[in-house]
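Enquirer: Quick one: the structure is below, and I'll ask about it shortly.
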There are 2 protein chains.
Amino acid sequence: MLDAVQAYFDRFNAKDAQGIADLYAEDATVEDPYGTEAKKGKTAILEFYTGAVKSGSTLVQNGPTRIAGNRAAFAFTVFVGGLTQESKGVDVDMPMGKMEIDVIDTFEFNDEGKVTAMTAYWDPSINLRQA
Amino acid sequence: MLDAVQAYFDRFNAKDAQGIADLYAEDATVEDPYGTEAKKGKTAILEFYTGAVKSGSTLVQNGPTRIAGNRAAFAFTVFVGGLTQESKGVDVDMPMGKMEIDVIDTFEFNDEGKVTAMTAYWDPSINLRQA
């Protein structure tokens with residue numbers, strides 16, 4: 001579980017959306033943030049992370065990963081350096097100013113060590129700030 | 001929800017177990033750590049925190065509280081300065097050495113702003129260290 005969390009950060013920061021999706025089970029769910037409709041299944045999850053890594057964000061972990069039972073919990077800050085948007089096959093830089101978002105995620109794992117459920121905790125009105 | 005989390009830290013560090021219990025709904029559950037049997041109801045919760053504050057621990061939050069929907073998530077470190085044990089009505093100091101435990105908790109709230117479910121993430125073999 002600790003290795004999977006480390007791989008999550010490494011692959012996100014390497015913009016490796018497929019590598020992130022590979023950490024998930026086939027029927028996994030991603031609820032980001034908690035309270036919104038979950039992305040279900042690897043295709044939807046890959047699409048979600050493909051968009052996320054395109055945003056040009058970097059994740060920096062805050063403190064150690066916590067483990068309990070078949071779950072991991074970890075805190076991090078998302079550093080958004082300016083959004084990009086694909087347009088006619090060309091990545092167009094859309095400067096939006098720098099933002100920082102404080103997030104805590106939990107992963108639930110199955111016996112094969114794959115993530116079956118990710119839940120993210122952050123609120124744009126509370127945990128997002130202009131940097 | 002932010003105020004409740006702040007009160008949780010303030011009251012724990014003031015050894016105010018009743019004050020902590022008052023943050024919970026009557027039928028709330030406390031699962032600490034996740035994967036163990038939950039304490040259910042205010043009486044069990046008050047008993048749990050009465051023991052916890054007697055341990056002489058101090059909680060120091062790591063980074064801001066994250067909010068999502070009706071839940072809050074927050075990271076902290078427990079500084080255990082030496083355990084105490086009640087014996088024939090006298091608190092006997094049981095020096096166990098100093099320990100630090102890294103924890104992430106989630107609170108789920110009802111419409112009255114009371115905590116209905118607390119889940120703690122930490123593993124004694126991973127998140128506990130001698131200080």
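Residue numbers start at 1 in each chain; chains themselves are named A, B, ... in the order of the structure tokens; ligands are numbered from 1 in the order shown.
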What lies within 9 Å of Val5 in chain A using only C-alpha atoms, ignoring chain neighbours under 3 positions off, as a PyMOL selection string?
Expert: chain A and resi 1-2+8-10+65+72-74+107
Enquirer: With only C-alpha atoms as the counted atoms, please give the residues lying no more than 6 Å from Ala38 in chain B, apart from itself and same-chain residues fewer than 2 positions off, as a PyMOL selection string.
Expert: chain B and resi 29-31
Enquirer: Could you please take those selected residues and save C-alpha atoms as a PDB file, in the first residue's frame?
Expert:
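Printed below is selection-v9.pdb as written:
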ATOM      1  CA  THR B  29     -19.416   5.631  15.889  1.00  0.00           C
ATOM      2  CA  VAL B  30     -15.663   5.937  16.436  1.00  0.00           C
ATOM      3  CA  GLU B  31     -13.495   3.488  14.478  1.00  0.00           C
TER       4      GLU B  31
END
Enquirer: List every residue of chain B that has an atom at most 12 Å from any atom of chain A, giving for each one its closest atom pair and the distance in Å to one decimal, counting only C-alpha atoms, sorted by chain and then by ascending residue number, as a Markdown table.
Expert:
| residue | atom | partner | partner_atom | distance |
| --- | --- | --- | --- | --- |
| B:Met1 | CA | A:Ile126 | CA | 11.3 |
| B:Leu2 | CA | A:Ile126 | CA | 9.6 |
| B:Glu31 | CA | A:Ala68 | CA | 10.5 |
| B:Asp32 | CA | A:Ala68 | CA | 9.0 |
| B:Pro33 | CA | A:Ala68 | CA | 6.2 |
| B:Tyr34 | CA | A:Ala68 | CA | 5.5 |
| B:Gly35 | CA | A:Gly69 | CA | 5.0 |
| B:Thr36 | CA | A:Gly69 | CA | 8.1 |
| B:Glu37 | CA | A:Gly69 | CA | 11.6 |
| B:Gln61 | CA | A:Gly63 | CA | 11.1 |
| B:Asn62 | CA | A:Gly63 | CA | 7.7 |
| B:Gly63 | CA | A:Asn62 | CA | 7.7 |
| B:Pro64 | CA | A:Asp102 | CA | 7.4 |
| B:Thr65 | CA | A:Asn127 | CA | 8.1 |
| B:Arg66 | CA | A:Trp122 | CA | 5.0 |
| B:Ile67 | CA | A:Trp122 | CA | 5.1 |
| B:Ala68 | CA | A:Tyr121 | CA | 5.0 |
| B:Gly69 | CA | A:Gly35 | CA | 5.0 |
| B:Asn70 | CA | A:Gly35 | CA | 7.7 |
| B:Arg71 | CA | A:Tyr121 | CA | 7.9 |
| B:Ala72 | CA | A:Tyr121 | CA | 7.3 |
| B:Ala73 | CA | A:Tyr121 | CA | 6.5 |
| B:Phe74 | CA | A:Ile104 | CA | 7.5 |
| B:Ala75 | CA | A:Ala75 | CA | 7.1 |
| B:Phe76 | CA | A:Gly63 | CA | 9.2 |
| B:Thr77 | CA | A:Gly63 | CA | 9.7 |
| B:Ile101 | CA | A:Arg66 | CA | 9.7 |
| B:Asp102 | CA | A:Arg66 | CA | 6.9 |
| B:Val103 | CA | A:Arg66 | CA | 6.2 |
| B:Ile104 | CA | A:Ala73 | CA | 6.6 |
| B:Asp105 | CA | A:Ala73 | CA | 8.8 |
| B:Thr106 | CA | A:Tyr121 | CA | 9.3 |
| B:Phe107 | CA | A:Tyr121 | CA | 11.1 |
| B:Glu108 | CA | A:Tyr34 | CA | 11.2 |
| B:Thr119 | CA | A:Ala68 | CA | 9.8 |
| B:Ala120 | CA | A:Ala68 | CA | 7.9 |
| B:Tyr121 | CA | A:Ala68 | CA | 5.1 |
| B:Trp122 | CA | A:Arg66 | CA | 5.0 |
| B:Asp123 | CA | A:Ile67 | CA | 5.4 |
| B:Pro124 | CA | A:Ile67 | CA | 9.1 |
| B:Ser125 | CA | A:Ile67 | CA | 9.4 |
| B:Ile126 | CA | A:Ile67 | CA | 7.3 |
| B:Asn127 | CA | A:Arg66 | CA | 6.4 |
| B:Leu128 | CA | A:Arg66 | CA | 10.1 |
Enquirer: Those selected residues, please, written with N, CA and C atoms and delivered as a CSV table (one decimal), in the first residue's frame.
Expert:
chain,number,residue,atom,x,y,z
B,1,MET,N,-18.0,22.8,10.4
B,1,MET,CA,-17.1,21.6,10.4
B,1,MET,C,-15.7,22.0,10.8
B,2,LEU,N,-15.2,23.2,10.2
B,2,LEU,CA,-13.9,23.6,10.6
B,2,LEU,C,-13.8,23.9,12.1
B,31,GLU,N,-14.3,4.7,14.9
B,31,GLU,CA,-13.5,3.5,14.5
B,31,GLU,C,-12.0,3.9,14.4
B,32,ASP,N,-11.3,3.5,15.5
B,32,ASP,CA,-9.9,4.0,15.7
B,32,ASP,C,-9.0,2.9,16.1
B,33,PRO,N,-8.2,2.3,15.2
B,33,PRO,CA,-8.1,2.7,13.8
B,33,PRO,C,-9.1,2.0,13.0
B,34,TYR,N,-9.3,2.4,11.7
B,34,TYR,CA,-10.2,1.8,10.7
B,34,TYR,C,-9.8,0.3,10.7
B,35,GLY,N,-10.8,-0.6,10.6
B,35,GLY,CA,-10.6,-2.0,10.6
B,35,GLY,C,-10.8,-2.7,11.9
B,36,THR,N,-10.9,-1.9,13.0
B,36,THR,CA,-11.1,-2.4,14.3
B,36,THR,C,-12.6,-2.2,14.7
B,37,GLU,N,-13.1,-2.9,15.7
B,37,GLU,CA,-14.5,-2.7,16.1
B,37,GLU,C,-14.7,-1.3,16.6
B,61,GLN,N,-1.9,19.4,14.9
B,61,GLN,CA,-2.4,19.2,13.5
B,61,GLN,C,-1.3,19.5,12.5
B,62,ASN,N,-1.3,18.7,11.4
B,62,ASN,CA,-0.4,18.9,10.3
B,62,ASN,C,-1.2,19.4,9.1
B,63,GLY,N,-1.0,20.7,8.8
B,63,GLY,CA,-1.7,21.3,7.7
B,63,GLY,C,-3.2,21.5,7.9
B,64,PRO,N,-3.8,22.1,7.0
B,64,PRO,CA,-5.2,22.6,7.1
B,64,PRO,C,-6.2,21.4,7.1
B,65,THR,N,-7.3,21.6,7.7
B,65,THR,CA,-8.5,20.7,7.6
B,65,THR,C,-9.0,20.7,6.2
B,66,ARG,N,-9.2,19.5,5.6
B,66,ARG,CA,-9.9,19.4,4.3
B,66,ARG,C,-11.4,19.1,4.5
B,67,ILE,N,-12.2,19.8,3.7
B,67,ILE,CA,-13.7,19.6,3.8
B,67,ILE,C,-14.2,19.1,2.4
B,68,ALA,N,-15.1,18.2,2.5
B,68,ALA,CA,-15.8,17.7,1.2
B,68,ALA,C,-17.2,17.2,1.6
B,69,GLY,N,-18.2,17.8,1.0
B,69,GLY,CA,-19.6,17.4,1.3
B,69,GLY,C,-19.8,17.5,2.8
B,70,ASN,N,-20.3,16.5,3.5
B,70,ASN,CA,-20.5,16.5,4.9
B,70,ASN,C,-19.4,15.9,5.7
B,71,ARG,N,-18.2,15.9,5.2
B,71,ARG,CA,-17.1,15.3,5.8
B,71,ARG,C,-15.9,16.2,6.0
B,72,ALA,N,-15.1,16.0,7.0
B,72,ALA,CA,-13.8,16.7,7.2
B,72,ALA,C,-12.8,15.7,7.3
B,73,ALA,N,-11.6,16.0,6.8
B,73,ALA,CA,-10.4,15.1,6.9
B,73,ALA,C,-9.2,16.0,7.4
B,74,PHE,N,-8.5,15.4,8.3
B,74,PHE,CA,-7.4,16.2,8.9
B,74,PHE,C,-6.2,15.3,9.4
B,75,ALA,N,-5.0,15.8,9.2
B,75,ALA,CA,-3.8,15.0,9.6
B,75,ALA,C,-3.2,15.6,10.8
B,76,PHE,N,-2.7,14.8,11.7
B,76,PHE,CA,-2.1,15.3,12.9
B,76,PHE,C,-1.0,14.3,13.4
B,77,THR,N,-0.3,14.7,14.4
B,77,THR,CA,0.7,13.8,15.1
B,77,THR,C,0.3,13.8,16.6
B,101,ILE,N,2.9,9.4,16.9
B,101,ILE,CA,2.1,8.6,16.0
B,101,ILE,C,1.4,9.5,15.0
B,102,ASP,N,1.6,9.2,13.7
B,102,ASP,CA,1.0,10.1,12.7
B,102,ASP,C,-0.3,9.5,12.3
B,103,VAL,N,-1.4,10.3,12.3
B,103,VAL,CA,-2.7,9.9,12.1
B,103,VAL,C,-3.4,10.8,11.1
B,104,ILE,N,-4.4,10.2,10.4
B,104,ILE,CA,-5.4,11.0,9.6
B,104,ILE,C,-6.7,10.6,10.1
B,105,ASP,N,-7.6,11.5,10.5
B,105,ASP,CA,-9.0,11.2,10.9
B,105,ASP,C,-9.9,11.8,9.8
B,106,THR,N,-11.1,11.1,9.7
B,106,THR,CA,-12.2,11.8,9.0
B,106,THR,C,-13.4,11.8,9.9
B,107,PHE,N,-14.1,13.0,9.9
B,107,PHE,CA,-15.4,13.2,10.6
B,107,PHE,C,-16.5,13.2,9.6
B,108,GLU,N,-17.6,12.5,9.8
B,108,GLU,CA,-18.8,12.7,9.0
B,108,GLU,C,-19.8,13.4,9.9
B,119,THR,N,-13.4,8.1,11.7
B,119,THR,CA,-12.6,7.0,11.3
B,119,THR,C,-11.2,7.5,11.3
B,120,ALA,N,-10.3,6.7,12.0
B,120,ALA,CA,-8.9,7.1,12.2
B,120,ALA,C,-8.0,6.1,11.4
B,121,TYR,N,-7.0,6.7,10.7
B,121,TYR,CA,-6.1,5.9,9.9
B,121,TYR,C,-4.7,6.0,10.5
B,122,TRP,N,-4.2,4.9,11.0
B,122,TRP,CA,-2.8,4.8,11.5
B,122,TRP,C,-2.6,3.3,11.8
B,123,ASP,N,-1.3,2.9,11.7
B,123,ASP,CA,-0.9,1.6,11.9
B,123,ASP,C,0.3,1.6,12.9
B,124,PRO,N,0.2,0.9,14.0
B,124,PRO,CA,1.3,0.9,15.0
B,124,PRO,C,2.6,0.5,14.4
B,125,SER,N,2.6,-0.4,13.4
B,125,SER,CA,3.9,-0.9,12.8
B,125,SER,C,4.5,0.1,11.8
B,126,ILE,N,3.7,1.1,11.4
B,126,ILE,CA,4.1,2.0,10.3
B,126,ILE,C,4.2,3.4,10.8
B,127,ASN,N,3.1,3.8,11.5
B,127,ASN,CA,3.0,5.2,11.8
B,127,ASN,C,3.3,5.6,13.3
B,128,LEU,N,3.9,4.7,14.0
B,128,LEU,CA,4.3,5.0,15.4
B,128,LEU,C,5.9,4.9,15.5
Enquirer: Could you check which of A:Ala25, A:Val53, A:Val78, A:Val115 is closest to Asp3 in chain A, using only C-alpha atoms?
Expert: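 When distances to Asp3 in chain A are compared using only C-alpha atoms, the smallest one comes from A:Val115.
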Enquirer: Which residue gives the smallest distance to Gly97 in chain B among B:Asn110, B:Ser57, B:Thr116, B:Gln130, with only C-alpha atoms counted?
Expert: B:Gln130
Enquirer: If I take CA of Leu23 in chain B and CA of Thr43 in chain B, how far is one from the other in Å, to one decimal?
Expert: 12.9 Å
Enquirer: Within chain A, find each residue whose DSSP state, derived from the backbone, is strand (DSSP E), and express the selection as a PyMOL selection string.
Expert: chain A and resi 24-31+39-40+57-68+71-80+83-87+90-94+99-109+115-121+128-130
Enquirer: Could you give me, as a PyMOL selection string, the residues within 8 Å of Phe79 in chain B, counting only C-alpha atoms and dropping anything in the same chain fewer than 2 positions from it?
Expert: chain B and resi 57-60+77+81+98-101
Enquirer: Those residues you just picked out, can you put them in a file as a tab-separated table (two decimals), in the first residue's frame with N, CA, C and O atoms?
Expert:
chain	number	residue	atom	x	y	z
B	57	SER	N	-1.34	12.46	26.16
B	57	SER	CA	-0.96	12.75	24.77
B	57	SER	C	-1.33	14.18	24.40
B	57	SER	O	-2.27	14.76	24.94
B	58	THR	N	-0.60	14.71	23.46
B	58	THR	CA	-0.92	16.01	22.87
B	58	THR	C	-1.07	15.82	21.37
B	58	THR	O	-0.28	15.09	20.75
B	59	LEU	N	-2.08	16.45	20.79
B	59	LEU	CA	-2.32	16.37	19.34
B	59	LEU	C	-1.85	17.66	18.68
B	59	LEU	O	-2.21	18.75	19.13
B	60	VAL	N	-1.06	17.54	17.62
B	60	VAL	CA	-0.63	18.71	16.85
B	60	VAL	C	-1.03	18.50	15.39
B	60	VAL	O	-0.60	17.53	14.76
B	77	THR	N	-0.26	14.71	14.39
B	77	THR	CA	0.68	13.84	15.09
B	77	THR	C	0.31	13.80	16.56
B	77	THR	O	0.01	14.84	17.16
B	81	GLY	N	3.69	11.44	25.83
B	81	GLY	CA	4.82	11.81	26.69
B	81	GLY	C	5.12	10.81	27.78
B	81	GLY	O	5.97	11.05	28.63
B	98	LYS	N	8.97	8.36	25.08
B	98	LYS	CA	8.15	9.24	24.26
B	98	LYS	C	7.90	8.59	22.90
B	98	LYS	O	8.81	8.00	22.32
B	99	MET	N	6.68	8.71	22.43
B	99	MET	CA	6.31	8.18	21.13
B	99	MET	C	5.60	9.24	20.31
B	99	MET	O	4.97	10.14	20.87
B	100	GLU	N	5.70	9.10	19.00
B	100	GLU	CA	4.93	9.95	18.10
B	100	GLU	C	4.17	9.05	17.14
B	100	GLU	O	4.73	8.08	16.62
B	101	ILE	N	2.90	9.38	16.94
B	101	ILE	CA	2.06	8.59	16.04
B	101	ILE	C	1.43	9.54	15.02
B	101	ILE	O	0.80	10.54	15.40
Enquirer: If you count only C-alpha atoms, which residues fall within 8 Å of Tyr49 in chain A, apart from same-chain ones fewer than 2 positions away, as a PDB file with all heavy atoms, in the first residue's frame?
Expert:
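File written: out_22.pdb
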ATOM      1  N   ALA A  17      -0.647   9.132 -16.996  1.00  0.00           N
ATOM      2  CA  ALA A  17      -2.042   8.829 -16.638  1.00  0.00           C
ATOM      3  C   ALA A  17      -2.303   7.322 -16.713  1.00  0.00           C
ATOM      4  O   ALA A  17      -3.012   6.762 -15.872  1.00  0.00           O
ATOM      5  CB  ALA A  17      -2.999   9.589 -17.554  1.00  0.00           C
ATOM      6  N   ILE A  20      -1.030   5.643 -13.646  1.00  0.00           N
ATOM      7  CA  ILE A  20      -1.931   5.843 -12.503  1.00  0.00           C
ATOM      8  C   ILE A  20      -3.125   4.899 -12.614  1.00  0.00           C
ATOM      9  O   ILE A  20      -3.485   4.226 -11.647  1.00  0.00           O
ATOM     10  CB  ILE A  20      -2.424   7.303 -12.435  1.00  0.00           C
ATOM     11  CG1 ILE A  20      -1.245   8.267 -12.268  1.00  0.00           C
ATOM     12  CG2 ILE A  20      -3.422   7.467 -11.285  1.00  0.00           C
ATOM     13  CD1 ILE A  20      -1.638   9.727 -12.448  1.00  0.00           C
ATOM     14  N   ALA A  21      -3.721   4.830 -13.806  1.00  0.00           N
ATOM     15  CA  ALA A  21      -4.897   3.965 -13.997  1.00  0.00           C
ATOM     16  C   ALA A  21      -4.548   2.517 -13.672  1.00  0.00           C
ATOM     17  O   ALA A  21      -5.391   1.771 -13.160  1.00  0.00           O
ATOM     18  CB  ALA A  21      -5.422   4.089 -15.423  1.00  0.00           C
ATOM     19  N   ILE A  45     -11.665   6.277 -15.295  1.00  0.00           N
ATOM     20  CA  ILE A  45     -10.565   6.710 -14.427  1.00  0.00           C
ATOM     21  C   ILE A  45      -9.377   7.193 -15.263  1.00  0.00           C
ATOM     22  O   ILE A  45      -8.765   8.224 -14.961  1.00  0.00           O
ATOM     23  CB  ILE A  45     -10.182   5.569 -13.457  1.00  0.00           C
ATOM     24  CG1 ILE A  45     -11.312   5.384 -12.416  1.00  0.00           C
ATOM     25  CG2 ILE A  45      -8.840   5.829 -12.792  1.00  0.00           C
ATOM     26  CD1 ILE A  45     -11.160   4.162 -11.535  1.00  0.00           C
ATOM     27  N   LEU A  46      -9.079   6.461 -16.339  1.00  0.00           N
ATOM     28  CA  LEU A  46      -7.980   6.895 -17.219  1.00  0.00           C
ATOM     29  C   LEU A  46      -8.291   8.249 -17.834  1.00  0.00           C
ATOM     30  O   LEU A  46      -7.421   9.136 -17.896  1.00  0.00           O
ATOM     31  CB  LEU A  46      -7.741   5.850 -18.316  1.00  0.00           C
ATOM     32  CG  LEU A  46      -6.693   6.228 -19.360  1.00  0.00           C
ATOM     33  CD1 LEU A  46      -5.334   6.491 -18.720  1.00  0.00           C
ATOM     34  CD2 LEU A  46      -6.583   5.120 -20.419  1.00  0.00           C
ATOM     35  N   GLU A  47      -9.538   8.435 -18.242  1.00  0.00           N
ATOM     36  CA  GLU A  47      -9.936   9.711 -18.827  1.00  0.00           C
ATOM     37  C   GLU A  47      -9.783  10.846 -17.804  1.00  0.00           C
ATOM     38  O   GLU A  47      -9.282  11.924 -18.124  1.00  0.00           O
ATOM     39  CB  GLU A  47     -11.400   9.611 -19.288  1.00  0.00           C
ATOM     40  CG  GLU A  47     -11.915  10.847 -19.994  1.00  0.00           C
ATOM     41  CD  GLU A  47     -13.382  10.672 -20.436  1.00  0.00           C
ATOM     42  OE1 GLU A  47     -14.047   9.733 -19.932  1.00  0.00           O
ATOM     43  OE2 GLU A  47     -13.834  11.464 -21.241  1.00  0.00           O
ATOM     44  N   GLY A  51      -6.949  14.019 -18.116  1.00  0.00           N
ATOM     45  CA  GLY A  51      -7.252  15.442 -17.970  1.00  0.00           C
ATOM     46  C   GLY A  51      -6.483  16.071 -16.826  1.00  0.00           C
ATOM     47  O   GLY A  51      -5.984  17.191 -16.935  1.00  0.00           O
ATOM     48  N   ALA A  52      -6.354  15.335 -15.735  1.00  0.00           N
ATOM     49  CA  ALA A  52      -5.709  15.902 -14.548  1.00  0.00           C
ATOM     50  C   ALA A  52      -4.224  16.179 -14.797  1.00  0.00           C
ATOM     51  O   ALA A  52      -3.713  17.231 -14.412  1.00  0.00           O
ATOM     52  CB  ALA A  52      -5.871  14.951 -13.364  1.00  0.00           C
ATOM     53  N   VAL A  53      -3.519  15.230 -15.431  1.00  0.00           N
ATOM     54  CA  VAL A  53      -2.084  15.455 -15.633  1.00  0.00           C
ATOM     55  C   VAL A  53      -1.851  16.531 -16.681  1.00  0.00           C
ATOM     56  O   VAL A  53      -0.842  17.236 -16.652  1.00  0.00           O
ATOM     57  CB  VAL A  53      -1.325  14.148 -16.000  1.00  0.00           C
ATOM     58  CG1 VAL A  53      -1.474  13.104 -14.901  1.00  0.00           C
ATOM     59  CG2 VAL A  53      -1.744  13.596 -17.345  1.00  0.00           C
TER      60      VAL A  53
END
Enquirer: Env of Asp27 in chain B: 7 Å cut, atoms = only C-alpha atoms, seq-sep filter 5 positions within chain, self excluded. Answer as JSON, numbers by chain.
Expert: {"B": [40, 41, 42, 116]}
Enquirer: Give me, as a PyMOL selection string, the residues of chain B that a backbone DSSP run labels helix (DSSP H, G or I).
Expert: chain B and resi 2-13+17-21+42-54
Enquirer: What does the structure give for the distance between CA of Tyr24 in chain B and CA of Lys114 in chain B, in Å to one decimal?
Expert: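 So the answer is 5.1 Å.
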Enquirer: Of the candidates A:Ala44, A:Ala131, A:Gly56, A:Lys39, which one gets nearest to Asp16 in chain A if we count only C-alpha atoms?
Expert: A:Gly56
